[in-house]
file query_18.cif (mmCIF, C-alpha atoms)
data_structure
#
loop_
_atom_site.label_atom_id
_atom_site.label_comp_id
_atom_site.auth_asym_id
_atom_site.auth_seq_id
_atom_site.Cartn_x
_atom_site.Cartn_y
_atom_site.Cartn_z
CA MET A 973 81.30 72.72 108.52
CA ILE A 974 83.96 71.31 110.82
CA ALA A 975 86.01 72.25 113.84
CA VAL A 976 89.78 72.42 113.28
CA THR A 977 92.01 71.59 116.24
CA ILE A 978 95.79 72.01 116.29
CA ARG A 979 97.54 70.27 119.18
CA ASP A 980 101.12 70.95 120.22
CA LEU A 981 102.27 71.34 116.59
CA SER A 982 105.95 72.02 115.87
CA LYS A 983 107.86 72.24 112.59
CA SER A 984 111.51 72.88 111.75
CA PHE A 985 113.29 73.31 108.45
CA GLY A 986 116.87 72.23 109.09
CA ASP A 987 118.00 74.00 112.26
CA HIS A 988 115.31 76.69 111.97
CA LEU A 989 112.27 76.21 114.22
CA VAL A 990 109.34 77.70 112.30
CA LEU A 991 106.39 76.63 114.49
CA ASP A 992 106.84 76.08 118.21
CA HIS A 993 104.20 74.00 120.03
CA ILE A 994 101.09 75.62 118.52
CA ASP A 995 97.75 74.91 120.25
CA LEU A 996 94.63 76.31 118.59
CA ARG A 997 90.97 75.47 118.06
CA ILE A 998 88.88 76.96 115.23
CA GLU A 999 85.14 76.55 115.67
CA PRO A 1000 82.75 75.20 113.01
CA GLY A 1001 81.68 77.93 110.59
CA GLU A 1002 84.25 80.41 111.90
CA LEU A 1003 86.10 82.86 109.64
CA PHE A 1004 89.48 82.73 111.35
CA PHE A 1005 92.55 84.82 110.47
CA LEU A 1006 96.25 84.10 110.99
CA LEU A 1007 98.37 87.27 111.19
CA GLY A 1008 101.90 88.25 112.03
CA PRO A 1009 105.07 89.82 110.62
CA SER A 1010 106.92 88.23 107.72
CA GLY A 1011 108.56 84.96 108.73
CA CYS A 1012 106.32 84.41 111.77
CA GLY A 1013 105.06 81.01 110.54
CA LYS A 1014 101.48 81.83 109.49
CA THR A 1015 101.77 80.50 105.91
CA THR A 1016 103.64 77.42 107.14
CA LEU A 1017 100.79 76.72 109.54
CA LEU A 1018 98.21 77.11 106.76
CA ARG A 1019 100.18 74.70 104.55
CA HIS A 1020 100.09 72.14 107.35
CA LEU A 1021 96.30 72.41 107.38
CA ALA A 1022 96.23 71.92 103.61
CA GLY A 1023 98.51 68.86 103.82
CA PHE A 1024 101.45 70.35 101.92
CA TYR A 1025 103.62 69.93 105.04
CA TYR A 1026 103.51 67.27 107.75
CA PRO A 1027 104.31 68.30 111.35
CA ASP A 1028 107.46 67.14 113.13
CA HIS A 1029 105.39 66.91 116.29
CA GLY A 1030 101.73 67.30 117.20
CA GLN A 1031 98.36 66.72 115.57
CA ILE A 1032 95.80 68.36 113.26
CA LEU A 1033 92.19 67.26 113.72
CA PHE A 1034 89.19 67.92 111.46
CA ASP A 1035 86.43 67.30 114.00
CA ASP A 1036 87.62 64.00 115.52
CA GLN A 1037 89.63 62.83 112.48
CA ASP A 1038 93.42 63.05 112.73
CA VAL A 1039 94.54 64.40 109.32
CA SER A 1040 98.13 65.17 110.34
CA ARG A 1041 99.55 62.86 107.66
CA VAL A 1042 96.61 62.64 105.27
CA PRO A 1043 97.58 63.86 101.75
CA PRO A 1044 95.99 67.10 100.47
CA TYR A 1045 93.59 65.47 98.00
CA LYS A 1046 92.02 63.34 100.75
CA ARG A 1047 91.41 66.18 103.25
CA GLY A 1048 88.41 67.75 101.55
CA THR A 1049 89.81 71.28 101.77
CA GLY A 1050 89.55 74.06 99.20
CA MET A 1051 92.47 76.45 98.76
CA MET A 1052 92.77 79.97 97.35
CA PHE A 1053 96.31 81.03 96.52
CA GLN A 1054 97.87 84.47 96.33
CA SER A 1055 98.63 83.93 92.63
CA TYR A 1056 95.11 82.51 91.88
CA ALA A 1057 96.81 79.52 90.09
CA LEU A 1058 94.27 79.48 87.25
CA TRP A 1059 94.82 77.58 83.99
CA PRO A 1060 95.20 80.16 81.17
CA HIS A 1061 94.25 77.69 78.40
CA LEU A 1062 90.88 76.84 80.01
CA THR A 1063 87.69 78.87 80.13
CA VAL A 1064 86.26 80.18 83.38
CA ALA A 1065 83.90 77.19 83.54
CA GLY A 1066 86.77 74.83 82.70
CA ASN A 1067 88.86 76.18 85.57
CA VAL A 1068 86.00 75.82 88.03
CA ALA A 1069 85.24 72.29 86.82
CA PHE A 1070 88.85 71.09 87.06
CA GLY A 1071 88.71 69.77 90.63
CA LEU A 1072 85.47 67.88 89.97
CA GLU A 1073 86.89 66.30 86.82
CA GLU A 1074 89.90 65.09 88.77
CA ARG A 1075 87.47 63.47 91.22
CA LYS A 1076 85.66 61.69 88.34
CA THR A 1077 82.38 63.45 89.13
CA PRO A 1078 79.58 62.70 86.57
CA ARG A 1079 79.30 65.34 83.83
CA ALA A 1080 75.72 66.33 84.63
CA GLU A 1081 76.71 66.89 88.25
CA ILE A 1082 79.77 68.91 87.17
CA ARG A 1083 77.62 71.24 85.02
CA LYS A 1084 75.13 71.75 87.85
CA ARG A 1085 77.75 72.48 90.49
CA VAL A 1086 79.84 74.75 88.24
CA ASP A 1087 76.72 76.80 87.45
CA GLU A 1088 75.94 77.08 91.17
CA ALA A 1089 79.49 78.08 92.09
CA LEU A 1090 79.71 80.75 89.37
CA ALA A 1091 76.31 82.13 90.38
CA SER A 1092 77.43 82.39 94.01
CA VAL A 1093 80.31 84.73 93.02
CA GLY A 1094 78.44 86.64 90.31
CA MET A 1095 80.40 85.17 87.38
CA THR A 1096 77.70 83.22 85.46
CA SER A 1097 77.89 85.45 82.36
CA PHE A 1098 81.68 84.94 82.15
CA ALA A 1099 81.60 81.13 81.99
CA ASP A 1100 82.92 80.88 78.41
CA ARG A 1101 85.66 83.50 78.68
CA LYS A 1102 89.37 82.75 78.90
CA ILE A 1103 91.26 83.77 82.03
CA ASN A 1104 93.35 86.41 80.24
CA GLN A 1105 90.13 88.23 79.33
CA LEU A 1106 89.30 88.88 82.98
CA SER A 1107 90.32 91.60 85.42
CA GLY A 1108 92.19 90.76 88.62
CA GLY A 1109 89.01 90.95 90.66
CA GLN A 1110 87.17 88.67 88.25
CA GLN A 1111 90.02 86.15 88.36
CA GLN A 1112 89.80 86.24 92.15
CA ARG A 1113 86.11 85.36 91.94
CA VAL A 1114 86.89 82.44 89.63
CA ALA A 1115 89.48 81.16 92.10
CA LEU A 1116 86.88 81.40 94.87
CA ALA A 1117 84.29 79.53 92.77
CA ARG A 1118 86.84 76.80 92.02
CA ALA A 1119 87.52 76.37 95.74
CA LEU A 1120 83.80 76.24 96.54
CA VAL A 1121 82.68 73.87 93.78
CA ILE A 1122 84.23 70.82 95.43
CA ARG A 1123 82.13 71.56 98.53
CA PRO A 1124 85.09 71.64 100.89
CA ARG A 1125 84.91 70.83 104.58
CA CYS A 1126 87.29 73.74 105.18
CA LEU A 1127 88.34 76.71 103.01
CA LEU A 1128 91.98 77.87 103.22
CA LEU A 1129 92.98 81.30 101.90
CA ASP A 1130 96.61 82.39 101.48
CA GLU A 1131 96.72 86.20 101.11
CA PRO A 1132 94.09 86.04 98.36
CA LEU A 1133 93.62 89.80 97.93
CA SER A 1134 97.23 90.99 97.92
CA ASN A 1135 97.36 91.37 94.11
CA LEU A 1136 94.26 93.58 93.90
CA ASP A 1137 94.06 97.37 94.02
CA ALA A 1138 92.73 99.06 97.15
CA LYS A 1139 89.16 99.55 95.89
CA MET A 1140 88.84 95.96 94.70
CA ARG A 1141 90.29 94.64 97.97
CA LEU A 1142 87.55 96.44 99.89
CA GLN A 1143 84.87 94.95 97.65
CA MET A 1144 86.27 91.41 97.80
CA ARG A 1145 86.63 91.46 101.61
CA GLY A 1146 82.90 91.63 102.03
CA GLU A 1147 82.32 89.17 99.19
CA ILE A 1148 84.54 86.51 100.76
CA ARG A 1149 82.82 86.88 104.13
CA ARG A 1150 79.38 86.71 102.50
CA VAL A 1151 80.23 83.54 100.59
CA CYS A 1152 81.82 81.81 103.60
CA LYS A 1153 78.79 82.52 105.78
CA GLU A 1154 76.31 81.64 103.03
CA PHE A 1155 77.98 78.25 102.49
CA GLY A 1156 78.51 77.66 106.23
CA LEU A 1157 82.25 77.18 105.73
CA THR A 1158 84.97 76.94 108.31
CA ALA A 1159 87.53 79.26 106.72
CA ILE A 1160 91.14 79.96 107.71
CA TYR A 1161 92.69 83.03 106.14
CA VAL A 1162 96.33 84.17 106.13
CA THR A 1163 97.06 87.85 105.54
CA HIS A 1164 99.51 90.60 106.46
CA ASP A 1165 96.75 93.23 106.05
CA GLN A 1166 95.50 94.18 109.51
CA LYS A 1167 92.50 96.17 108.21
CA GLU A 1168 91.42 93.13 106.20
CA ALA A 1169 91.48 90.97 109.32
CA LEU A 1170 89.84 93.50 111.63
CA SER A 1171 87.00 94.15 109.19
CA ILE A 1172 85.81 90.60 108.43
CA ALA A 1173 87.29 88.08 110.91
CA ASP A 1174 85.22 86.35 113.59
CA ARG A 1175 88.44 85.73 115.51
CA LEU A 1176 92.13 86.02 114.74
CA ALA A 1177 95.48 84.77 116.00
CA ILE A 1178 98.77 86.67 116.10
CA LEU A 1179 101.97 84.70 115.57
CA ASP A 1180 105.50 85.92 116.28
CA LYS A 1181 108.67 83.89 115.63
CA GLY A 1182 106.73 80.64 115.51
CA HIS A 1183 104.80 81.28 118.74
CA LEU A 1184 101.09 81.93 119.13
CA VAL A 1185 101.04 85.14 121.17
CA GLN A 1186 97.33 86.06 121.30
CA VAL A 1187 93.96 84.78 120.08
CA GLY A 1188 90.70 86.73 120.25
CA THR A 1189 88.07 88.78 118.48
CA PRO A 1190 89.25 91.75 116.40
CA ARG A 1191 87.94 94.16 119.04
CA ASP A 1192 89.61 92.32 121.92
CA ILE A 1193 92.99 92.19 120.22
CA TYR A 1194 92.89 95.80 119.06
CA ARG A 1195 91.61 97.22 122.34
CA HIS A 1196 93.40 94.85 124.72
CA PRO A 1197 96.70 93.62 123.27
CA ARG A 1198 98.62 91.49 125.77
CA THR A 1199 102.12 92.16 124.45
CA LYS A 1200 104.00 95.02 122.84
CA VAL A 1201 104.42 92.88 119.70
CA VAL A 1202 100.65 92.60 119.29
CA ALA A 1203 100.01 96.29 120.04
CA ASP A 1204 102.69 97.32 117.54
CA PHE A 1205 101.52 94.94 114.80
CA ILE A 1206 97.77 95.59 114.98
CA GLY A 1207 97.27 99.27 114.27
CA GLU A 1208 99.52 102.02 115.61
CA SER A 1209 100.38 102.86 119.19
CA ASN A 1210 102.40 105.21 121.38
CA PHE A 1211 104.64 103.35 123.84
CA ILE A 1212 105.62 104.96 127.15
CA GLU A 1213 107.98 103.19 129.54
CA GLY A 1214 107.27 103.24 133.24
CA ARG A 1215 107.06 101.34 136.52
CA ALA A 1216 104.04 99.87 138.27
CA LEU A 1217 103.05 101.90 141.36
CA GLU A 1218 99.98 100.15 142.77
CA PRO A 1219 96.82 98.31 141.67
CA ILE A 1220 93.45 100.05 141.80
CA GLU A 1221 91.24 98.19 144.25
CA ASN A 1222 88.55 95.91 142.76
CA SER A 1223 89.65 96.43 139.16
CA GLU A 1224 92.28 95.38 136.61
CA HIS A 1225 93.67 98.93 136.52
CA TRP A 1226 97.09 100.00 137.81
CA ARG A 1227 98.75 103.32 138.57
CA VAL A 1228 102.01 103.65 136.65
CA SER A 1229 104.86 106.15 137.02
CA THR A 1230 106.49 107.44 133.82
CA ALA A 1231 108.81 110.27 132.80
CA LEU A 1232 105.68 112.10 131.56
CA GLY A 1233 103.90 111.76 134.89
CA GLU A 1234 101.53 109.24 136.44
CA PHE A 1235 99.02 107.25 134.40
CA THR A 1236 96.22 104.87 135.25
CA GLY A 1237 95.85 101.99 132.81
CA LEU A 1238 94.25 98.61 132.24
CA LYS A 1239 96.19 95.36 132.68
CA PRO A 1240 94.49 93.10 130.08
CA ASP A 1241 96.38 89.90 130.89
CA ALA A 1242 94.66 88.52 134.00
CA ASN A 1243 97.34 85.81 134.28
CA TRP A 1244 100.17 88.35 134.62
CA ASP A 1245 101.21 88.57 138.28
CA LEU A 1246 102.36 92.19 138.14
CA HIS A 1247 104.33 93.50 141.12
CA VAL A 1248 104.86 97.01 142.49
CA GLY A 1249 108.05 98.51 141.05
CA GLU A 1250 108.10 96.17 138.03
CA PRO A 1251 109.01 97.77 134.64
CA VAL A 1252 106.04 98.10 132.26
CA VAL A 1253 105.20 99.71 128.93
CA LEU A 1254 102.02 101.70 128.35
CA SER A 1255 100.33 101.41 124.95
CA ILE A 1256 98.01 104.27 123.93
CA ARG A 1257 96.42 104.32 120.47
CA PRO A 1258 96.71 107.66 118.57
CA GLU A 1259 92.92 107.99 118.29
CA SER A 1260 92.45 107.52 122.06
CA TRP A 1261 93.72 110.99 122.99
CA LYS A 1262 91.26 113.88 123.45
CA LEU A 1263 92.63 117.38 122.84
CA ARG A 1264 91.70 120.66 124.55
CA GLU A 1265 93.24 124.09 124.84
CA ALA A 1266 94.97 124.21 128.23
CA ALA A 1267 93.06 127.36 129.18
CA ARG A 1268 89.73 125.45 128.87
CA THR A 1269 90.46 122.48 131.09
CA ASP A 1270 89.05 123.80 134.39
CA GLY A 1271 86.85 121.12 135.93
CA VAL A 1272 88.07 118.43 133.52
CA ALA A 1273 89.47 115.21 135.01
CA THR A 1274 93.24 115.31 135.34
CA VAL A 1275 93.94 111.56 135.15
CA ASN A 1276 96.23 110.66 132.22
CA VAL A 1277 96.58 114.28 131.11
CA LEU A 1278 99.62 115.70 129.32
CA ARG A 1279 100.38 119.34 128.55
CA GLY A 1280 102.25 120.25 125.41
CA ARG A 1281 102.16 121.72 121.93
CA ILE A 1282 101.27 120.48 118.47
CA GLY A 1283 104.24 120.26 116.13
CA ARG A 1284 103.90 118.73 112.66
CA SER A 1285 100.33 118.19 111.47
CA ILE A 1286 98.90 116.39 108.44
CA TYR A 1287 95.34 117.05 107.26
CA LEU A 1288 93.63 113.92 105.91
CA GLY A 1289 90.06 115.19 105.55
CA GLU A 1290 87.95 113.52 108.21
CA VAL A 1291 90.99 113.11 110.46
CA ALA A 1292 94.20 115.00 111.23
CA GLU A 1293 97.48 113.44 112.34
CA TYR A 1294 99.53 115.42 114.85
CA ASP A 1295 102.97 115.16 116.40
CA PHE A 1296 102.23 116.21 119.97
CA GLN A 1297 105.22 117.45 121.98
CA PRO A 1298 104.48 116.77 125.68
CA ARG A 1299 105.99 119.02 128.33
CA VAL A 1300 107.93 117.23 131.07
CA GLU A 1301 107.34 118.83 134.46
CA GLY A 1302 110.68 119.69 136.02
CA GLY A 1303 112.51 118.20 133.05
CA ASP A 1304 114.89 119.65 130.50
CA GLY A 1305 112.79 120.48 127.44
CA ASP A 1306 110.21 118.33 125.69
CA ALA A 1307 109.93 114.55 125.52
CA ALA A 1308 109.70 112.54 122.32
CA ALA A 1309 106.63 113.39 120.24
CA LEU A 1310 103.46 111.32 120.53
CA LYS A 1311 101.25 110.56 117.54
CA ILE A 1312 97.64 111.73 117.96
CA TYR A 1313 94.69 111.41 115.56
CA GLU A 1314 91.80 113.87 115.78
CA LEU A 1315 88.47 113.12 114.10
CA ASN A 1316 86.79 116.19 112.55
CA PRO A 1317 89.97 118.27 113.12
CA ARG A 1318 89.77 121.51 115.12
CA PHE A 1319 93.40 122.07 116.07
CA MET A 1320 94.99 122.39 112.63
CA GLU A 1321 95.26 126.17 112.91
CA VAL A 1322 96.66 126.50 116.44
CA THR A 1323 99.96 128.32 116.74
CA ASP A 1324 103.13 126.71 118.05
CA ASN A 1325 102.78 128.81 121.22
CA THR A 1326 99.30 127.52 122.11
CA GLU A 1327 99.43 125.05 124.99
CA ILE A 1328 97.22 122.01 124.50
CA THR A 1329 96.24 119.20 126.83
CA ALA A 1330 95.92 115.60 125.66
CA ARG A 1331 93.90 113.19 127.83
CA ALA A 1332 93.41 109.43 127.56
CA ALA A 1333 90.74 107.44 129.44
CA PRO A 1334 92.10 104.73 131.78
CA ASP A 1335 90.48 101.95 129.68
CA ASP A 1336 92.40 103.25 126.63
CA VAL A 1337 95.79 103.01 128.40
CA VAL A 1338 97.00 99.41 128.25
CA VAL A 1339 99.69 98.16 130.66
CA LEU A 1340 102.04 95.67 128.93
CA HIS A 1341 105.16 93.63 129.57
CA PRO A 1342 108.24 95.69 128.55
#
call {"tool": "encode", "arguments": {"input": "query_18.cif", "output": "structure tokens"}}
result
Amino acid sequence: MIAVTIRDLSKSFGDHLVLDHIDLRIEPGELFFLLGPSGCGKTTLLRHLAGFYYPDHGQILFDDQDVSRVPPYKRGTGMMFQSYALWPHLTVAGNVAFGLEERKTPRAEIRKRVDEALASVGMTSFADRKINQLSGGQQQRVALARALVIRPRCLLLDEPLSNLDAKMRLQMRGEIRRVCKEFGLTAIYVTHDQKEALSIADRLAILDKGHLVQVGTPRDIYRHPRTKVVADFIGESNFIEGRALEPIENSEHWRVSTALGEFTGLKPDANWDLHVGEPVVLSIRPESWKLREAARTDGVATVNVLRGRIGRSIYLGEVAEYDFQPRVEGGDGDAAALKIYELNPRFMEVTDNTEITARAAPDDVVVLHP
């Protein structure tokens, strides 16, 4: 396993700047994800690591070796493509062996390593089949075995599960993580699927318009996004505009004034020098709200509490999705609806006239740049 270090990397295609001074370190044995909206630069960055593109500026290091301009076949990386890129005229074993044959590996060694690679992905009994005789999930396993058989220093994965159905994607997520950890691989994985990244990544990076906007563990990034772009891309969120009132002493929390009333929230970016009166945006995840009937809230904390009514509701079994219409004190009518998720739903049957309170804990209210 190796560490991968990207230093001040930039890339343009014509007048279009695709990657803008990227700095990133991926630790040995880490399963690291690159995420972001379409056109953010994540696939371009992965192709730089593979050697398909050379940077206009900056360096790529595998441990202490500068591979910025080393061709792909000399980098010792394995790559899994979105399209699998398997040879239809070869058997499963022939596809897996292809990279070793190109490297002039002795035949006895090829047979041994192909058998090991197929066993690692549960495809030993399919060795003599042609590719068109396999399901999509089986083809994905063959592509993984082919990437592993060359014993890469680093495994690169470009949206490898996007062509699979939902059930197979779930199964292959865990399989890819198991194989990477079993082989001790440093793996870098590009996807647009947030659930995929949150469920199996050790760490992940969010890119936006060629910039690296946040790096962290799945929990850190989901719970403590540092920008509205990150909060909006990873999961769902309600955004409420406001102004900073004052910091809470000896904490990273701030009081914030909004059209819906005052909130107390967490400022996750310790480097942000927030000032009193500065515009901010609050991010509150739909599942963070706790619902009660207004008549039963005596003695309950009143911080971050809204009164209102449930409008549209959708029953999804273990969870219900509500459009909550908050009441604005002293205002003209209701504010824009907030999205709220309730686990083990109890408020599906309430009437439109029943007043409900929705409360969010201060640690679940995130204070962001507008």
call {"tool": "atom_distance", "arguments": {"input": "query_18.cif", "atom1": "atom CA of A:Leu1238", "atom2": "atom CA of A:Ala1203"}}
result
13.7 Å
call {"tool": "residues_near_point", "arguments": {"input": "query_18.cif", "point": "(103.9, 118.0, 121.8)", "cutoff": "9 Å", "atoms": "only C-alpha atoms", "output": "list in words"}}
result
Leu1278, Arg1279, Gly1280, Arg1281, Ile1282, Gly1283, Tyr1294, Asp1295, Phe1296, Gln1297, Pro1298, Arg1299, Asp1306, Ala1307, Ala1308, Ala1309, Leu1310, Lys1311, Glu1327 and Ile1328 of chain A
call {"tool": "closest_residue", "arguments": {"input": "query_18.cif", "among": "A:Tyr1161, A:Phe1155, A:Phe1205, A:Tyr1045", "to": "A:Gln1186", "atoms": "all atoms listed in the file"}}
result
A:Phe1205
call {"tool": "residues_around", "arguments": {"input": "query_18.cif", "residues": "stretch 1313-1318 of chain A", "least_positions_apart": "2", "cutoff": "7 Å", "atoms": "all atoms listed in the file", "output": "list in words"}}
result
Pro1258, Glu1259, Glu1290, Val1291, Ala1292, Glu1293, Tyr1294, Lys1311 and Met1320 of chain A
call {"tool": "write_last_selection", "arguments": {"input": "query_18.cif", "atoms": "C-alpha atoms", "output": "short mmCIF file (atom, residue, chain, number, x, y, z; two decimals), in the frame of the given file"}}
result
data_model
loop_
_atom_site.label_atom_id
_atom_site.label_comp_id
_atom_site.auth_asym_id
_atom_site.auth_seq_id
_atom_site.Cartn_x
_atom_site.Cartn_y
_atom_site.Cartn_z
CA PRO A 1258 96.71 107.66 118.57
CA GLU A 1259 92.92 107.99 118.29
CA GLU A 1290 87.95 113.52 108.21
CA VAL A 1291 90.99 113.11 110.46
CA ALA A 1292 94.20 115.00 111.23
CA GLU A 1293 97.48 113.44 112.34
CA TYR A 1294 99.53 115.42 114.85
CA LYS A 1311 101.25 110.56 117.54
CA MET A 1320 94.99 122.39 112.63
#
call {"tool": "closest_residue", "arguments": {"input": "query_18.cif", "among": "A:Gly1207, A:Pro1334, A:Gly1289, A:Pro1044", "to": "A:His1225", "atoms": "all atoms listed in the file"}}
result
A:Pro1334
call {"tool": "closest_residue", "arguments": {"input": "query_18.cif", "among": "A:Ala1119, A:Leu1007, A:Ile974, A:Ala1330", "to": "A:Ile1312", "atoms": "only C-alpha atoms"}}
result
A:Ala1330
call {"tool": "residues_around", "arguments": {"input": "query_18.cif", "residues": "A:Ser1171", "least_positions_apart": "5", "cutoff": "12 Å", "atoms": "only C-alpha atoms", "output": "JSON, numbers by chain"}}
result
{"A": [1003, 1004, 1005, 1141, 1142, 1143, 1144, 1145, 1146, 1148, 1149, 1165, 1166, 1176, 1189, 1190, 1191, 1194]}
call {"tool": "closest_residue", "arguments": {"input": "query_18.cif", "among": "A:Gly1156, A:Pro1027, A:Gly1237, A:Pro1132", "to": "A:Pro1000", "atoms": "only C-alpha atoms"}}
result
A:Gly1156
call {"tool": "atom_distance", "arguments": {"input": "query_18.cif", "atom1": "atom CA of A:Phe1024", "atom2": "atom CA of A:Arg1085"}}
result
26.4 Å
call {"tool": "axis_aligned_box", "arguments": {"input": "query_18.cif", "around": "stretch 1306-1320 of chain A", "padding_each_side": "5 Å", "output": "JSON"}}
result
{"center_x": 98.5, "center_y": 116.5, "center_z": 119.1, "size_x": 33.4, "size_y": 21.8, "size_z": 23.1}
call {"tool": "closest_residue", "arguments": {"input": "query_18.cif", "among": "A:Asp992, A:Trp1261, A:Arg1175, A:Phe1319", "to": "A:Tyr1287", "atoms": "only C-alpha atoms"}}
result
A:Phe1319
call {"tool": "closest_residue", "arguments": {"input": "query_18.cif", "among": "A:Ile1122, A:Leu996, A:Ile1220, A:Ala1089", "to": "A:Thr1049", "atoms": "only C-alpha atoms"}}
result
A:Ile1122
call {"tool": "resolve_selection", "arguments": {"input": "query_18.cif", "expression": "the PyMOL selection byres ((chain A and resi 1335) around 12)", "output": "VMD selection string"}}
result
chain A and resid 1195 to 1196 1223 to 1226 1235 to 1240 1254 to 1257 1260 to 1261 1275 to 1276 1331 to 1334 1336 to 1339
call {"tool": "decode", "arguments": {"input": "query_18.cif", "residues": "stretch 1032-1079 of chain A", "atoms": "C-alpha atoms", "output": "compact mmCIF listing (two decimals), in the first residue's frame"}}
result
# COMPACT_ATOMS: atom_id res chain seq x y z
CA ILE A 1032 1.42 13.66 -7.94
CA LEU A 1033 3.47 11.49 -5.58
CA PHE A 1034 3.14 7.77 -4.87
CA ASP A 1035 4.95 7.67 -1.53
CA ASP A 1036 8.08 9.70 -2.37
CA GLN A 1037 8.05 8.97 -6.13
CA ASP A 1038 6.94 11.79 -8.43
CA VAL A 1039 4.68 10.09 -11.02
CA SER A 1040 3.25 13.30 -12.49
CA ARG A 1041 4.53 12.45 -15.98
CA VAL A 1042 4.99 8.70 -15.68
CA PRO A 1043 2.87 6.82 -18.29
CA PRO A 1044 -0.05 4.69 -17.03
CA TYR A 1045 1.59 1.30 -17.61
CA LYS A 1046 4.56 2.24 -15.41
CA ARG A 1047 2.55 3.51 -12.41
CA GLY A 1048 1.47 0.14 -11.03
CA THR A 1049 -2.17 1.17 -10.67
CA GLY A 1050 -5.26 -0.94 -11.32
CA MET A 1051 -8.35 0.71 -12.80
CA MET A 1052 -12.05 -0.21 -12.79
CA PHE A 1053 -14.11 1.63 -15.38
CA GLN A 1054 -17.80 2.48 -15.43
CA SER A 1055 -18.23 0.39 -18.59
CA TYR A 1056 -16.16 -2.56 -17.20
CA ALA A 1057 -14.13 -2.56 -20.50
CA LEU A 1058 -14.03 -6.36 -20.72
CA TRP A 1059 -13.04 -8.25 -23.88
CA PRO A 1060 -16.15 -10.08 -25.19
CA HIS A 1061 -14.14 -12.65 -27.20
CA LEU A 1062 -12.15 -13.82 -24.15
CA THR A 1063 -13.24 -16.03 -21.28
CA VAL A 1064 -13.45 -14.75 -17.72
CA ALA A 1065 -9.99 -16.19 -17.00
CA GLY A 1066 -8.66 -14.70 -20.25
CA ASN A 1067 -9.88 -11.24 -19.28
CA VAL A 1068 -8.31 -11.46 -15.85
CA ALA A 1069 -5.03 -12.74 -17.29
CA PHE A 1070 -4.76 -10.01 -19.93
CA GLY A 1071 -2.74 -7.52 -17.88
CA LEU A 1072 -0.27 -10.19 -16.76
CA GLU A 1073 0.22 -11.40 -20.34
CA GLU A 1074 1.00 -7.86 -21.44
CA ARG A 1075 3.64 -7.75 -18.69
CA LYS A 1076 5.20 -11.02 -19.99
CA THR A 1077 4.52 -12.81 -16.70
CA PRO A 1078 5.42 -16.56 -16.78
CA ARG A 1079 2.44 -18.80 -17.57
